[in-house]
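See below for final15.tsv, which holds TSV, C-alpha atoms.
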chain	number	residue	atom	x	y	z
A	1	MET	CA	-61.88	-26.04	-10.11
A	2	GLU	CA	-61.42	-26.28	-6.34
A	3	HIS	CA	-60.75	-23.07	-4.42
A	4	LYS	CA	-58.78	-22.91	-1.21
A	5	ILE	CA	-60.78	-21.57	1.69
A	6	PRO	CA	-59.71	-18.03	2.70
A	7	PRO	CA	-58.05	-17.81	6.14
A	8	SER	CA	-60.94	-15.64	7.36
A	9	PHE	CA	-63.26	-18.64	7.05
A	10	ALA	CA	-60.95	-21.17	8.74
A	11	GLY	CA	-63.19	-21.26	11.83
A	12	LEU	CA	-66.14	-22.52	9.81
A	13	GLU	CA	-64.94	-26.11	10.25
A	14	HIS	CA	-65.80	-25.90	13.95
A	15	LEU	CA	-69.36	-24.62	13.51
A	16	SER	CA	-72.27	-26.95	14.22
A	17	THR	CA	-74.36	-25.51	11.38
A	18	ALA	CA	-73.90	-26.43	7.71
A	19	ILE	CA	-72.00	-23.75	5.77
A	20	ILE	CA	-71.54	-23.52	1.99
A	21	LEU	CA	-69.63	-20.68	0.32
A	22	LEU	CA	-70.42	-19.57	-3.24
A	23	ASP	CA	-68.49	-17.42	-5.72
A	24	GLN	CA	-69.95	-14.81	-8.07
A	25	GLN	CA	-71.09	-17.51	-10.49
A	26	ARG	CA	-72.81	-19.24	-7.56
A	27	HIS	CA	-70.46	-22.17	-7.75
A	28	VAL	CA	-69.45	-23.94	-4.54
A	29	VAL	CA	-66.17	-22.64	-3.11
A	30	TYR	CA	-66.24	-24.52	0.17
A	31	ALA	CA	-68.46	-26.74	2.34
A	32	ASN	CA	-67.70	-27.27	6.01
A	33	PRO	CA	-67.92	-30.63	7.85
A	34	GLY	CA	-71.37	-29.66	9.15
A	35	ALA	CA	-72.63	-29.48	5.56
A	36	GLU	CA	-71.00	-32.81	4.71
A	37	VAL	CA	-72.81	-34.48	7.63
A	38	LEU	CA	-76.20	-32.79	7.11
A	39	PHE	CA	-76.41	-33.39	3.37
A	40	ALA	CA	-74.35	-36.63	3.29
A	41	ILE	CA	-72.10	-35.27	0.55
A	42	SER	CA	-68.36	-34.75	0.29
A	43	ALA	CA	-66.96	-31.21	0.11
A	44	LYS	CA	-64.62	-32.35	-2.67
A	45	GLN	CA	-67.54	-33.87	-4.56
A	46	ILE	CA	-69.45	-30.58	-4.80
A	47	ALA	CA	-66.50	-28.16	-5.02
A	48	GLY	CA	-66.87	-26.11	-8.22
A	49	LEU	CA	-70.44	-27.29	-8.89
A	50	PRO	CA	-73.24	-24.76	-9.43
A	51	VAL	CA	-75.41	-24.56	-6.33
A	52	SER	CA	-78.42	-25.30	-8.55
A	53	GLN	CA	-76.85	-28.69	-9.24
A	54	VAL	CA	-76.15	-29.38	-5.56
A	55	PHE	CA	-79.78	-28.47	-4.67
A	56	PRO	CA	-81.72	-29.09	-7.88
A	57	GLY	CA	-85.14	-27.54	-8.40
A	58	CYS	CA	-84.88	-25.28	-5.36
A	59	ASP	CA	-86.49	-22.07	-6.59
A	60	ILE	CA	-86.82	-20.73	-3.05
A	61	LEU	CA	-83.05	-20.79	-2.64
A	62	ASP	CA	-82.63	-18.79	-5.86
A	63	LEU	CA	-85.11	-16.19	-4.59
A	64	ALA	CA	-83.33	-16.02	-1.22
A	65	MET	CA	-79.97	-15.40	-2.90
A	66	GLU	CA	-81.46	-12.72	-5.19
A	67	HIS	CA	-83.05	-10.98	-2.20
A	68	ALA	CA	-79.79	-11.01	-0.19
A	69	ILE	CA	-77.75	-9.64	-3.09
A	70	LYS	CA	-80.31	-6.98	-4.04
A	71	HIS	CA	-80.69	-5.63	-0.50
A	72	HIS	CA	-77.06	-6.22	0.59
A	73	SER	CA	-78.24	-7.87	3.80
A	74	PRO	CA	-78.76	-11.37	5.23
A	75	PHE	CA	-81.99	-13.15	4.32
A	76	ARG	CA	-83.39	-15.93	6.51
A	77	GLU	CA	-86.16	-18.39	5.75
A	78	HIS	CA	-87.56	-20.92	8.26
A	79	GLU	CA	-88.94	-24.39	7.44
A	80	PHE	CA	-87.10	-24.20	4.16
A	81	PRO	CA	-87.70	-27.35	2.01
A	82	ILE	CA	-84.57	-28.44	0.18
A	83	THR	CA	-83.50	-31.50	-1.84
A	84	THR	CA	-79.90	-32.52	-2.51
A	85	LEU	CA	-78.37	-34.03	-5.64
A	86	ARG	CA	-78.79	-37.40	-3.91
A	87	GLN	CA	-82.56	-36.81	-3.75
A	88	GLN	CA	-82.57	-36.41	0.02
A	89	SER	CA	-85.12	-33.90	1.30
A	90	PHE	CA	-84.86	-31.76	4.44
A	91	ALA	CA	-86.70	-29.03	6.29
A	92	VAL	CA	-84.08	-26.47	7.29
A	93	THR	CA	-83.61	-22.90	8.39
A	94	CYS	CA	-81.58	-21.20	5.65
A	95	THR	CA	-79.68	-17.92	6.00
A	96	VAL	CA	-78.11	-16.31	2.92
A	97	THR	CA	-75.49	-13.65	3.67
A	98	PRO	CA	-73.62	-11.58	1.04
A	99	VAL	CA	-69.89	-11.08	1.73
A	100	GLU	CA	-67.04	-9.31	0.00
A	101	LEU	CA	-64.11	-11.65	0.37
A	102	ALA	CA	-62.90	-13.27	-2.84
A	103	PRO	CA	-63.46	-15.90	-3.99
A	104	ALA	CA	-66.59	-16.10	-1.83
A	105	CYS	CA	-69.46	-13.65	-2.28
A	106	LEU	CA	-72.31	-15.59	-0.63
A	107	VAL	CA	-72.52	-17.62	2.57
A	108	LEU	CA	-75.31	-20.19	2.83
A	109	GLU	CA	-76.03	-21.39	6.36
A	110	PHE	CA	-78.36	-24.34	6.92
A	111	GLN	CA	-79.68	-25.72	10.18
A	112	HIS	CA	-81.78	-28.86	10.35
A	113	MET	CA	-85.00	-28.43	12.32
A	114	ASP	CA	-84.15	-31.43	14.53
A	115	GLN	CA	-80.71	-29.95	15.18
A	116	GLN	CA	-82.29	-26.64	16.20
A	117	LEU	CA	-84.56	-28.41	18.67
A	118	ARG	CA	-81.61	-30.36	20.10
A	119	ILE	CA	-79.47	-27.24	20.52
A	120	ALA	CA	-82.37	-25.42	22.18
A	121	ARG	CA	-82.92	-28.38	24.52
A	122	GLU	CA	-79.22	-28.48	25.39
A	123	GLU	CA	-79.22	-24.76	26.15
A	124	ARG	CA	-82.25	-25.15	28.41
A	125	MET	CA	-80.57	-28.03	30.22
A	126	LEU	CA	-77.40	-26.00	30.78
A	127	ILE	CA	-79.36	-23.03	32.12
A	128	GLN	CA	-81.43	-25.31	34.36
A	129	GLN	CA	-78.31	-27.08	35.60
A	130	GLN	CA	-76.57	-23.81	36.47
A	131	ALA	CA	-79.65	-22.63	38.35
A	132	ASN	CA	-79.92	-25.97	40.17
A	133	ALA	CA	-76.23	-25.94	41.10
A	134	GLU	CA	-76.48	-22.42	42.53
A	135	LEU	CA	-79.64	-23.28	44.46
A	136	LEU	CA	-78.20	-26.48	45.92
A	137	ARG	CA	-74.89	-24.86	46.83
A	138	ASN	CA	-76.63	-22.04	48.71
A	139	LEU	CA	-79.06	-24.48	50.34
A	140	ALA	CA	-76.23	-26.75	51.50
A	141	HIS	CA	-74.30	-23.86	53.05
A	142	GLU	CA	-77.41	-22.54	54.80
A	143	ILE	CA	-78.24	-25.94	56.30
A	144	ARG	CA	-74.73	-27.01	57.40
A	145	ASN	CA	-74.25	-24.39	60.13
A	146	PRO	CA	-77.51	-24.93	62.07
A	147	LEU	CA	-77.10	-28.66	61.51
A	148	GLY	CA	-73.74	-28.61	63.29
A	149	GLY	CA	-75.28	-26.69	66.16
A	150	LEU	CA	-78.16	-29.16	66.39
A	151	ARG	CA	-75.79	-32.12	66.59
A	152	GLY	CA	-73.58	-30.42	69.17
A	153	ALA	CA	-76.54	-29.55	71.36
A	154	ALA	CA	-77.77	-33.16	71.18
A	155	GLN	CA	-74.34	-34.43	72.30
A	156	LEU	CA	-74.27	-32.02	75.25
A	157	LEU	CA	-77.81	-33.00	76.22
A	158	GLU	CA	-76.85	-36.67	76.08
A	159	HIS	CA	-74.12	-36.16	78.71
A	160	GLU	CA	-76.55	-34.31	80.99
A	161	LEU	CA	-79.34	-36.88	80.89
A	162	PRO	CA	-79.75	-38.74	84.20
A	163	GLN	CA	-81.13	-41.92	82.63
A	164	VAL	CA	-79.14	-43.93	80.07
A	165	SER	CA	-82.41	-45.13	78.49
A	166	LEU	CA	-83.19	-41.58	77.41
A	167	ARG	CA	-80.02	-41.39	75.35
A	168	GLU	CA	-81.62	-43.36	72.52
A	169	TYR	CA	-83.58	-40.21	71.67
A	170	THR	CA	-80.48	-38.05	71.48
A	171	GLN	CA	-78.85	-40.76	69.37
A	172	VAL	CA	-81.73	-40.46	66.89
A	173	ILE	CA	-81.07	-36.71	66.64
A	174	ILE	CA	-77.31	-37.24	66.19
A	175	LYS	CA	-77.70	-39.98	63.55
A	176	GLU	CA	-80.25	-37.98	61.57
A	177	ALA	CA	-77.99	-34.91	61.75
A	178	ASP	CA	-75.11	-37.05	60.42
A	179	ARG	CA	-77.32	-38.34	57.62
A	180	LEU	CA	-78.28	-34.81	56.62
A	181	GLN	CA	-74.64	-33.73	56.85
A	182	LEU	CA	-73.69	-36.51	54.45
A	183	LEU	CA	-76.42	-35.34	52.07
A	184	MET	CA	-75.11	-31.76	52.25
A	185	ASP	CA	-71.58	-32.99	51.52
A	186	ARG	CA	-72.87	-34.79	48.43
A	187	LEU	CA	-74.51	-31.57	47.25
A	188	LEU	CA	-71.18	-29.76	47.50
A	189	VAL	CA	-69.01	-32.52	45.96
A	190	PRO	CA	-69.54	-31.42	42.31
A	191	HIS	CA	-67.84	-28.10	43.03
A	192	ARG	CA	-64.44	-29.69	43.70
A	193	VAL	CA	-62.01	-28.51	41.03
A	194	PRO	CA	-61.64	-31.36	38.49
A	195	LYS	CA	-58.21	-32.98	38.12
A	196	TYR	CA	-57.82	-33.29	34.36
A	197	GLU	CA	-55.33	-35.79	32.93
A	198	PRO	CA	-55.15	-38.31	30.05
A	199	THR	CA	-57.79	-40.93	30.84
A	200	ASN	CA	-58.68	-44.22	29.16
A	201	ILE	CA	-62.47	-44.48	29.08
A	202	HIS	CA	-62.30	-48.28	29.19
A	203	GLU	CA	-60.33	-48.21	32.43
A	204	VAL	CA	-63.17	-46.09	33.81
A	205	LEU	CA	-65.76	-48.63	32.62
A	206	GLU	CA	-63.80	-51.59	33.95
A	207	ARG	CA	-63.67	-49.95	37.38
A	208	VAL	CA	-67.43	-49.36	37.24
A	209	ARG	CA	-68.02	-52.94	36.11
A	210	SER	CA	-65.95	-54.40	38.98
A	211	LEU	CA	-67.89	-52.27	41.51
A	212	LEU	CA	-71.22	-53.35	40.03
A	213	LEU	CA	-70.23	-57.03	40.10
A	214	ALA	CA	-69.32	-56.70	43.78
A	215	GLU	CA	-72.58	-54.93	44.67
A	216	SER	CA	-75.13	-56.54	42.34
A	217	PRO	CA	-76.90	-59.89	42.43
A	218	ARG	CA	-75.33	-62.56	40.28
A	219	SER	CA	-78.54	-62.79	38.28
A	220	ILE	CA	-77.71	-59.46	36.56
A	221	ASN	CA	-75.36	-59.88	33.62
A	222	ILE	CA	-72.99	-56.96	32.94
A	223	ARG	CA	-71.76	-57.17	29.36
A	224	ARG	CA	-68.97	-55.26	27.61
A	225	ASP	CA	-69.18	-53.95	24.05
A	226	TYR	CA	-66.09	-51.78	23.60
A	227	ASP	CA	-64.38	-50.08	20.69
A	228	THR	CA	-60.87	-50.52	22.05
A	229	SER	CA	-59.31	-48.34	19.32
A	230	LEU	CA	-60.71	-45.17	20.92
A	231	PRO	CA	-58.02	-42.76	22.13
A	232	GLU	CA	-57.69	-41.29	25.61
A	233	ILE	CA	-59.63	-38.24	26.66
A	234	ILE	CA	-58.57	-35.43	28.96
A	235	GLY	CA	-60.67	-35.90	32.07
A	236	ASP	CA	-61.03	-36.38	35.80
A	237	ARG	CA	-60.96	-40.16	36.20
A	238	GLU	CA	-62.75	-40.26	39.57
A	239	LYS	CA	-65.57	-37.97	38.44
A	240	LEU	CA	-66.09	-39.99	35.27
A	241	ILE	CA	-66.22	-43.20	37.30
A	242	GLN	CA	-68.80	-41.66	39.65
A	243	ALA	CA	-70.93	-40.37	36.76
A	244	VAL	CA	-71.11	-43.76	35.01
A	245	LEU	CA	-71.53	-45.60	38.32
A	246	ASN	CA	-74.49	-43.43	39.35
A	247	ILE	CA	-76.30	-44.24	36.10
A	248	ALA	CA	-75.46	-47.96	36.20
A	249	ARG	CA	-76.49	-48.28	39.86
A	250	ASN	CA	-79.86	-46.79	39.01
A	251	ALA	CA	-80.28	-49.50	36.37
A	252	VAL	CA	-79.36	-52.24	38.86
A	253	GLN	CA	-81.77	-50.90	41.48
A	254	ALA	CA	-84.57	-50.58	38.92
A	255	MET	CA	-84.17	-54.23	37.90
A	256	GLN	CA	-83.91	-55.38	41.52
A	257	ASN	CA	-87.18	-53.60	42.31
A	258	HIS	CA	-88.83	-55.18	39.28
A	259	PRO	CA	-88.46	-58.96	39.59
A	260	GLY	CA	-90.40	-59.47	36.37
A	261	THR	CA	-87.37	-58.52	34.26
A	262	LYS	CA	-86.28	-61.64	32.36
A	263	ALA	CA	-82.52	-62.23	32.01
A	264	PRO	CA	-81.63	-58.79	33.47
A	265	GLU	CA	-78.66	-57.31	31.69
A	266	ILE	CA	-76.60	-54.09	31.57
A	267	ILE	CA	-74.48	-53.32	28.50
A	268	LEU	CA	-71.50	-50.94	28.68
A	269	ARG	CA	-70.84	-49.85	25.09
A	270	THR	CA	-68.35	-47.43	23.50
A	271	ARG	CA	-68.20	-46.15	19.95
A	272	ALA	CA	-66.87	-43.14	18.05
A	273	ALA	CA	-69.30	-40.36	17.14
A	274	ARG	CA	-68.36	-38.05	14.28
A	275	GLN	CA	-69.03	-34.33	13.77
A	276	VAL	CA	-70.58	-33.80	17.19
A	277	THR	CA	-71.65	-30.45	18.64
A	278	LEU	CA	-71.18	-30.15	22.40
A	279	ALA	CA	-71.75	-26.90	24.29
A	280	LYS	CA	-71.96	-25.04	20.95
A	281	LYS	CA	-68.50	-26.30	19.89
A	282	ARG	CA	-67.95	-28.66	16.97
A	283	TYR	CA	-65.77	-31.75	17.42
A	284	ARG	CA	-64.66	-34.00	14.59
A	285	VAL	CA	-64.75	-37.07	16.85
A	286	ALA	CA	-66.26	-37.75	20.27
A	287	ILE	CA	-66.61	-40.82	22.46
A	288	LYS	CA	-70.14	-42.20	22.59
A	289	LEU	CA	-70.58	-44.16	25.81
A	290	GLN	CA	-73.85	-45.99	26.42
A	291	ILE	CA	-75.25	-47.64	29.55
A	292	ILE	CA	-78.12	-49.85	28.37
A	293	ASP	CA	-80.42	-52.01	30.47
A	294	ASN	CA	-83.49	-54.15	29.80
A	295	GLY	CA	-85.29	-53.18	32.99
A	296	PRO	CA	-88.77	-51.70	33.47
A	297	GLY	CA	-87.85	-48.26	32.12
A	298	ILE	CA	-88.17	-44.82	33.70
A	299	PRO	CA	-91.67	-43.84	34.89
A	300	ALA	CA	-93.32	-41.48	32.42
A	301	GLU	CA	-94.20	-38.95	35.13
A	302	VAL	CA	-90.50	-38.28	35.95
A	303	ARG	CA	-88.88	-39.00	32.57
A	304	GLU	CA	-88.54	-35.33	31.63
A	305	ARG	CA	-87.22	-34.37	35.07
A	306	ILE	CA	-84.74	-37.14	35.87
A	307	PHE	CA	-81.73	-34.78	35.84
A	308	TYR	CA	-83.39	-32.33	38.25
A	309	PRO	CA	-82.10	-32.50	41.83
A	310	LEU	CA	-84.16	-34.36	44.44
A	311	VAL	CA	-86.33	-36.04	41.75
A	312	SER	CA	-86.31	-39.83	42.09
A	313	GLY	CA	-88.27	-42.56	40.39
A	314	ARG	CA	-87.90	-45.03	43.26
A	315	GLU	CA	-88.87	-45.08	46.90
A	316	GLY	CA	-86.04	-44.07	49.22
A	317	GLY	CA	-83.95	-42.45	46.47
A	318	THR	CA	-82.26	-39.09	47.12
A	319	GLY	CA	-82.65	-37.90	43.53
A	320	LEU	CA	-79.01	-36.76	43.38
A	321	GLY	CA	-77.34	-39.55	41.39
A	322	LEU	CA	-78.28	-38.35	37.91
A	323	THR	CA	-77.92	-34.69	38.87
A	324	LEU	CA	-74.32	-35.34	39.93
A	325	ALA	CA	-73.67	-37.44	36.82
A	326	GLN	CA	-74.86	-34.63	34.57
A	327	THR	CA	-72.75	-32.09	36.48
A	328	PHE	CA	-69.61	-34.21	36.16
A	329	ILE	CA	-70.13	-34.82	32.42
A	330	THR	CA	-70.83	-31.12	31.80
A	331	GLN	CA	-67.52	-30.32	33.51
A	332	HIS	CA	-65.92	-32.42	30.74
A	333	HIS	CA	-67.75	-30.38	28.04
A	334	GLY	CA	-69.92	-33.42	27.34
A	335	MET	CA	-73.61	-34.18	27.59
A	336	ILE	CA	-76.00	-36.98	28.62
A	337	GLU	CA	-79.08	-38.07	26.70
A	338	CYS	CA	-81.67	-40.63	27.75
A	339	GLU	CA	-84.16	-42.81	25.91
A	340	SER	CA	-86.41	-45.12	27.86
A	341	GLU	CA	-89.30	-47.49	27.36
A	342	PRO	CA	-90.26	-50.71	29.15
A	343	GLY	CA	-87.57	-53.29	28.40
A	344	HIS	CA	-84.99	-50.82	27.07
A	345	THR	CA	-83.36	-47.81	28.73
A	346	SER	CA	-80.27	-46.19	27.23
A	347	PHE	CA	-78.19	-43.39	28.72
A	348	THR	CA	-75.79	-41.96	26.14
A	349	ILE	CA	-72.77	-39.93	27.27
A	350	LEU	CA	-70.90	-37.91	24.65
A	351	LEU	CA	-67.36	-36.81	25.54
A	352	PRO	CA	-65.16	-34.78	23.17
A	353	ILE	CA	-61.81	-36.10	21.98
A	354	GLU	CA	-59.16	-33.40	21.79
A	355	SER	CA	-57.28	-33.03	18.49
A	356	THR	CA	-53.96	-34.17	20.02
A	357	ALA	CA	-55.42	-37.52	21.03
A	358	MET	CA	-57.32	-37.86	17.76
A	359	GLN	CA	-54.09	-37.94	15.70
A	360	ALA	CA	-53.40	-41.47	16.93
A	361	TYR	CA	-56.99	-42.65	16.54
A	362	ILE	CA	-57.63	-45.56	14.17
A	363	PRO	CA	-61.42	-45.83	13.68
A	364	ARG	CA	-63.16	-49.16	14.15
A	365	GLN	CA	-64.74	-50.54	11.00
Would you give me this structure, written as structure tokens?
Amino acid sequence: MEHKIPPSFAGLEHLSTAIILLDQQRHVVYANPGAEVLFAISAKQIAGLPVSQVFPGCDILDLAMEHAIKHHSPFREHEFPITTLRQQSFAVTCTVTPVELAPACLVLEFQHMDQQLRIAREERMLIQQQANAELLRNLAHEIRNPLGGLRGAAQLLEHELPQVSLREYTQVIIKEADRLQLLMDRLLVPHRVPKYEPTNIHEVLERVRSLLLAESPRSINIRRDYDTSLPEIIGDREKLIQAVLNIARNAVQAMQNHPGTKAPEIILRTRAARQVTLAKKRYRVAIKLQIIDNGPGIPAEVRERIFYPLVSGREGGTGLGLTLAQTFITQHHGMIECESEPGHTSFTILLPIESTAMQAYIPRQ
């Protein structure tokens, strides 16, 4: 028999962790999408089954449930080994919580160890990004005022110099001040209020591709691999273009600086990602955008710090491109991940699809 989930538990569908509700007989009342993804089982398939059948031979789970019921309090166990009815084994953190809301009397919460590490890493990245943004914003404001005074003084000095040949020195000061001013402006750009509107991600990628073709050597092939059935997202088109362009330009420059790359190529790929957690919120579907290149890869010494400001893996780089890209994607409630080794570097951008756009989505087979 399949029970209808009580209204009080309606929000469980949006949680990133796997949730299973049990009745007094310890039969499954409900499993959220997180549980379906983690255990690769359908909620309808296990509805009404005894939990001992869903997770056969799991004596530790029985002890955890007994402890929670006996003491009327949640019981948590880390590195919890569990095997599903499909004979898939996991190491999870399991929390058993007794509740008094018929038909459910027990809540089982599971979190995969890899998922825990990913969530912790994402939280660290968000904290680091907020700290970086505050530091850079304050630094930019502190530098802009004396920089303007420096440039103005150099202009006044230039008019007072008796010899025209001496003006080349004041021109050096003025040009360097302008260069630093441009850098300060770039530091403050991310704080412009985004202009959100329905945006087709493939129009963004086509704009990036046309810019890359105009800037890049003809020897670099820029290939499309799109899932054209993806719906629109709500986003700031210009910021999304800049984020993708910053990543792709890095790939082009890396391959240009490494002539040994054979048949240099950049792939712009889009796919749908299901049951994705972004900024602690669960989305049924998200856009998975990848920028892949076959260049030399990111140097190991900077690989863990590539999104930090002023960290660059190439000579002459400002170290702001990826920092700005991450800021722009975070403003869209998305995230960027990177995997790199010699011959293959992949930046993956995950962007949530709102439920209104998802209604018209026809997934690609």
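Interatomic distance, CA of Pro264 (chain A) against CA of Ile220 (chain A): 5.0 Å.
Here CA of Tyr283 (chain A) stands at a distance of 10.9 Å from CA of His333 (chain A).
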>> Using all atoms listed in the file for the distances, tell me which of A:Val208, A:Val29, A:Ala140, A:Cys94 is nearest to Ile247 (chain A).
In response: A:Val208
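With distances restricted to only C-alpha atoms, A:Ile298 is the closest residue to Ser340 (chain A) from A:Leu150, A:Leu324, A:Ile298, A:Ile266.
What separates CA of Gln331 (chain A) from CA of Thr199 (chain A) is a distance of 14.6 Å.
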Region 38-41 of chain A: which residues within 12 Å, counting only C-alpha atoms, same-chain residues fewer than 3 positions away excluded, as a PDB file with C-alpha atoms, in the coordinates of the input?
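out.pdb written:
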ATOM      1  CA  SER A  16     -72.270 -26.950  14.220  1.00  0.00           C
ATOM      2  CA  THR A  17     -74.360 -25.510  11.380  1.00  0.00           C
ATOM      3  CA  ALA A  18     -73.900 -26.430   7.710  1.00  0.00           C
ATOM      4  CA  ILE A  19     -72.000 -23.750   5.770  1.00  0.00           C
ATOM      5  CA  ILE A  20     -71.540 -23.520   1.990  1.00  0.00           C
ATOM      6  CA  ALA A  31     -68.460 -26.740   2.340  1.00  0.00           C
ATOM      7  CA  ASN A  32     -67.700 -27.270   6.010  1.00  0.00           C
ATOM      8  CA  PRO A  33     -67.920 -30.630   7.850  1.00  0.00           C
ATOM      9  CA  GLY A  34     -71.370 -29.660   9.150  1.00  0.00           C
ATOM     10  CA  ALA A  35     -72.630 -29.480   5.560  1.00  0.00           C
ATOM     11  CA  LYS A  44     -64.620 -32.350  -2.670  1.00  0.00           C
ATOM     12  CA  GLN A  45     -67.540 -33.870  -4.560  1.00  0.00           C
ATOM     13  CA  ILE A  46     -69.450 -30.580  -4.800  1.00  0.00           C
ATOM     14  CA  ALA A  47     -66.500 -28.160  -5.020  1.00  0.00           C
ATOM     15  CA  VAL A  54     -76.150 -29.380  -5.560  1.00  0.00           C
ATOM     16  CA  PHE A  55     -79.780 -28.470  -4.670  1.00  0.00           C
ATOM     17  CA  ILE A  82     -84.570 -28.440   0.180  1.00  0.00           C
ATOM     18  CA  THR A  83     -83.500 -31.500  -1.840  1.00  0.00           C
ATOM     19  CA  THR A  84     -79.900 -32.520  -2.510  1.00  0.00           C
ATOM     20  CA  LEU A  85     -78.370 -34.030  -5.640  1.00  0.00           C
ATOM     21  CA  ARG A  86     -78.790 -37.400  -3.910  1.00  0.00           C
ATOM     22  CA  GLN A  87     -82.560 -36.810  -3.750  1.00  0.00           C
ATOM     23  CA  GLN A  88     -82.570 -36.410   0.020  1.00  0.00           C
ATOM     24  CA  SER A  89     -85.120 -33.900   1.300  1.00  0.00           C
ATOM     25  CA  PHE A  90     -84.860 -31.760   4.440  1.00  0.00           C
ATOM     26  CA  ALA A  91     -86.700 -29.030   6.290  1.00  0.00           C
ATOM     27  CA  VAL A  92     -84.080 -26.470   7.290  1.00  0.00           C
ATOM     28  CA  GLU A 109     -76.030 -21.390   6.360  1.00  0.00           C
ATOM     29  CA  PHE A 110     -78.360 -24.340   6.920  1.00  0.00           C
ATOM     30  CA  GLN A 111     -79.680 -25.720  10.180  1.00  0.00           C
ATOM     31  CA  HIS A 112     -81.780 -28.860  10.350  1.00  0.00           C
ATOM     32  CA  MET A 113     -85.000 -28.430  12.320  1.00  0.00           C
ATOM     33  CA  ASP A 114     -84.150 -31.430  14.530  1.00  0.00           C
ATOM     34  CA  GLN A 115     -80.710 -29.950  15.180  1.00  0.00           C
ATOM     35  CA  ARG A 274     -68.360 -38.050  14.280  1.00  0.00           C
ATOM     36  CA  GLN A 275     -69.030 -34.330  13.770  1.00  0.00           C
ATOM     37  CA  VAL A 276     -70.580 -33.800  17.190  1.00  0.00           C
TER      38      VAL A 276
END
Residue neighbourhood Ser346 (chain A), 12 Å, only C-alpha atoms, exclusion window fewer than 3 positions, as a PDB file with C-alpha atoms, keeping the file's coordinate frame:
ATOM      1  CA  ILE A 247     -76.300 -44.240  36.100  1.00  0.00           C
ATOM      2  CA  ALA A 248     -75.460 -47.960  36.200  1.00  0.00           C
ATOM      3  CA  ASN A 250     -79.860 -46.790  39.010  1.00  0.00           C
ATOM      4  CA  ALA A 251     -80.280 -49.500  36.370  1.00  0.00           C
ATOM      5  CA  ILE A 266     -76.600 -54.090  31.570  1.00  0.00           C
ATOM      6  CA  ILE A 267     -74.480 -53.320  28.500  1.00  0.00           C
ATOM      7  CA  LEU A 268     -71.500 -50.940  28.680  1.00  0.00           C
ATOM      8  CA  ARG A 269     -70.840 -49.850  25.090  1.00  0.00           C
ATOM      9  CA  LYS A 288     -70.140 -42.200  22.590  1.00  0.00           C
ATOM     10  CA  LEU A 289     -70.580 -44.160  25.810  1.00  0.00           C
ATOM     11  CA  GLN A 290     -73.850 -45.990  26.420  1.00  0.00           C
ATOM     12  CA  ILE A 291     -75.250 -47.640  29.550  1.00  0.00           C
ATOM     13  CA  ILE A 292     -78.120 -49.850  28.370  1.00  0.00           C
ATOM     14  CA  ASP A 293     -80.420 -52.010  30.470  1.00  0.00           C
ATOM     15  CA  ASN A 294     -83.490 -54.150  29.800  1.00  0.00           C
ATOM     16  CA  GLY A 295     -85.290 -53.180  32.990  1.00  0.00           C
ATOM     17  CA  PRO A 296     -88.770 -51.700  33.470  1.00  0.00           C
ATOM     18  CA  GLY A 297     -87.850 -48.260  32.120  1.00  0.00           C
ATOM     19  CA  ILE A 298     -88.170 -44.820  33.700  1.00  0.00           C
ATOM     20  CA  ILE A 336     -76.000 -36.980  28.620  1.00  0.00           C
ATOM     21  CA  GLU A 337     -79.080 -38.070  26.700  1.00  0.00           C
ATOM     22  CA  CYS A 338     -81.670 -40.630  27.750  1.00  0.00           C
ATOM     23  CA  GLU A 339     -84.160 -42.810  25.910  1.00  0.00           C
ATOM     24  CA  SER A 340     -86.410 -45.120  27.860  1.00  0.00           C
ATOM     25  CA  GLU A 341     -89.300 -47.490  27.360  1.00  0.00           C
ATOM     26  CA  PRO A 342     -90.260 -50.710  29.150  1.00  0.00           C
ATOM     27  CA  GLY A 343     -87.570 -53.290  28.400  1.00  0.00           C
ATOM     28  CA  ILE A 349     -72.770 -39.930  27.270  1.00  0.00           C
TER      29      ILE A 349
END
>> My list of candidates is A:Glu197, A:Glu215, A:Glu66, A:Glu265. Which is closest to Arg237 (chain A) when distances are computed with only C-alpha atoms?
In response: A:Glu197
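Close contacts of Glu100 (chain A), defined as residues with an atom at most 12 Å away when counting all atoms listed in the file, with chain neighbours fewer than 2 positions off set aside, comprise Pro6, Ser8, Leu21, Leu22, Asp23, Gln24, Ile69, His72, Ser73, Thr97, Pro98, Ala102, Pro103, Ala104, Cys105, Leu106 and Val107 of chain A.
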Extract region 250-261 of chain A from the coordinates I pasted, and write it as a compact mmCIF listing (two decimals), in the first residue's frame (atoms kept: C-alpha atoms).
# COMPACT_ATOMS: atom_id res chain seq x y z
CA ASN A 250 42.31 30.82 -20.67
CA ALA A 251 42.15 27.57 -22.64
CA VAL A 252 43.12 29.34 -25.88
CA GLN A 253 46.05 31.13 -24.22
CA ALA A 254 47.25 27.91 -22.59
CA MET A 255 47.33 26.13 -25.96
CA GLN A 256 48.98 29.10 -27.66
CA ASN A 257 51.73 29.08 -25.03
CA HIS A 258 52.19 25.33 -25.48
CA PRO A 259 52.92 24.69 -29.16
CA GLY A 260 53.29 20.98 -28.49
CA THR A 261 49.50 20.51 -28.31
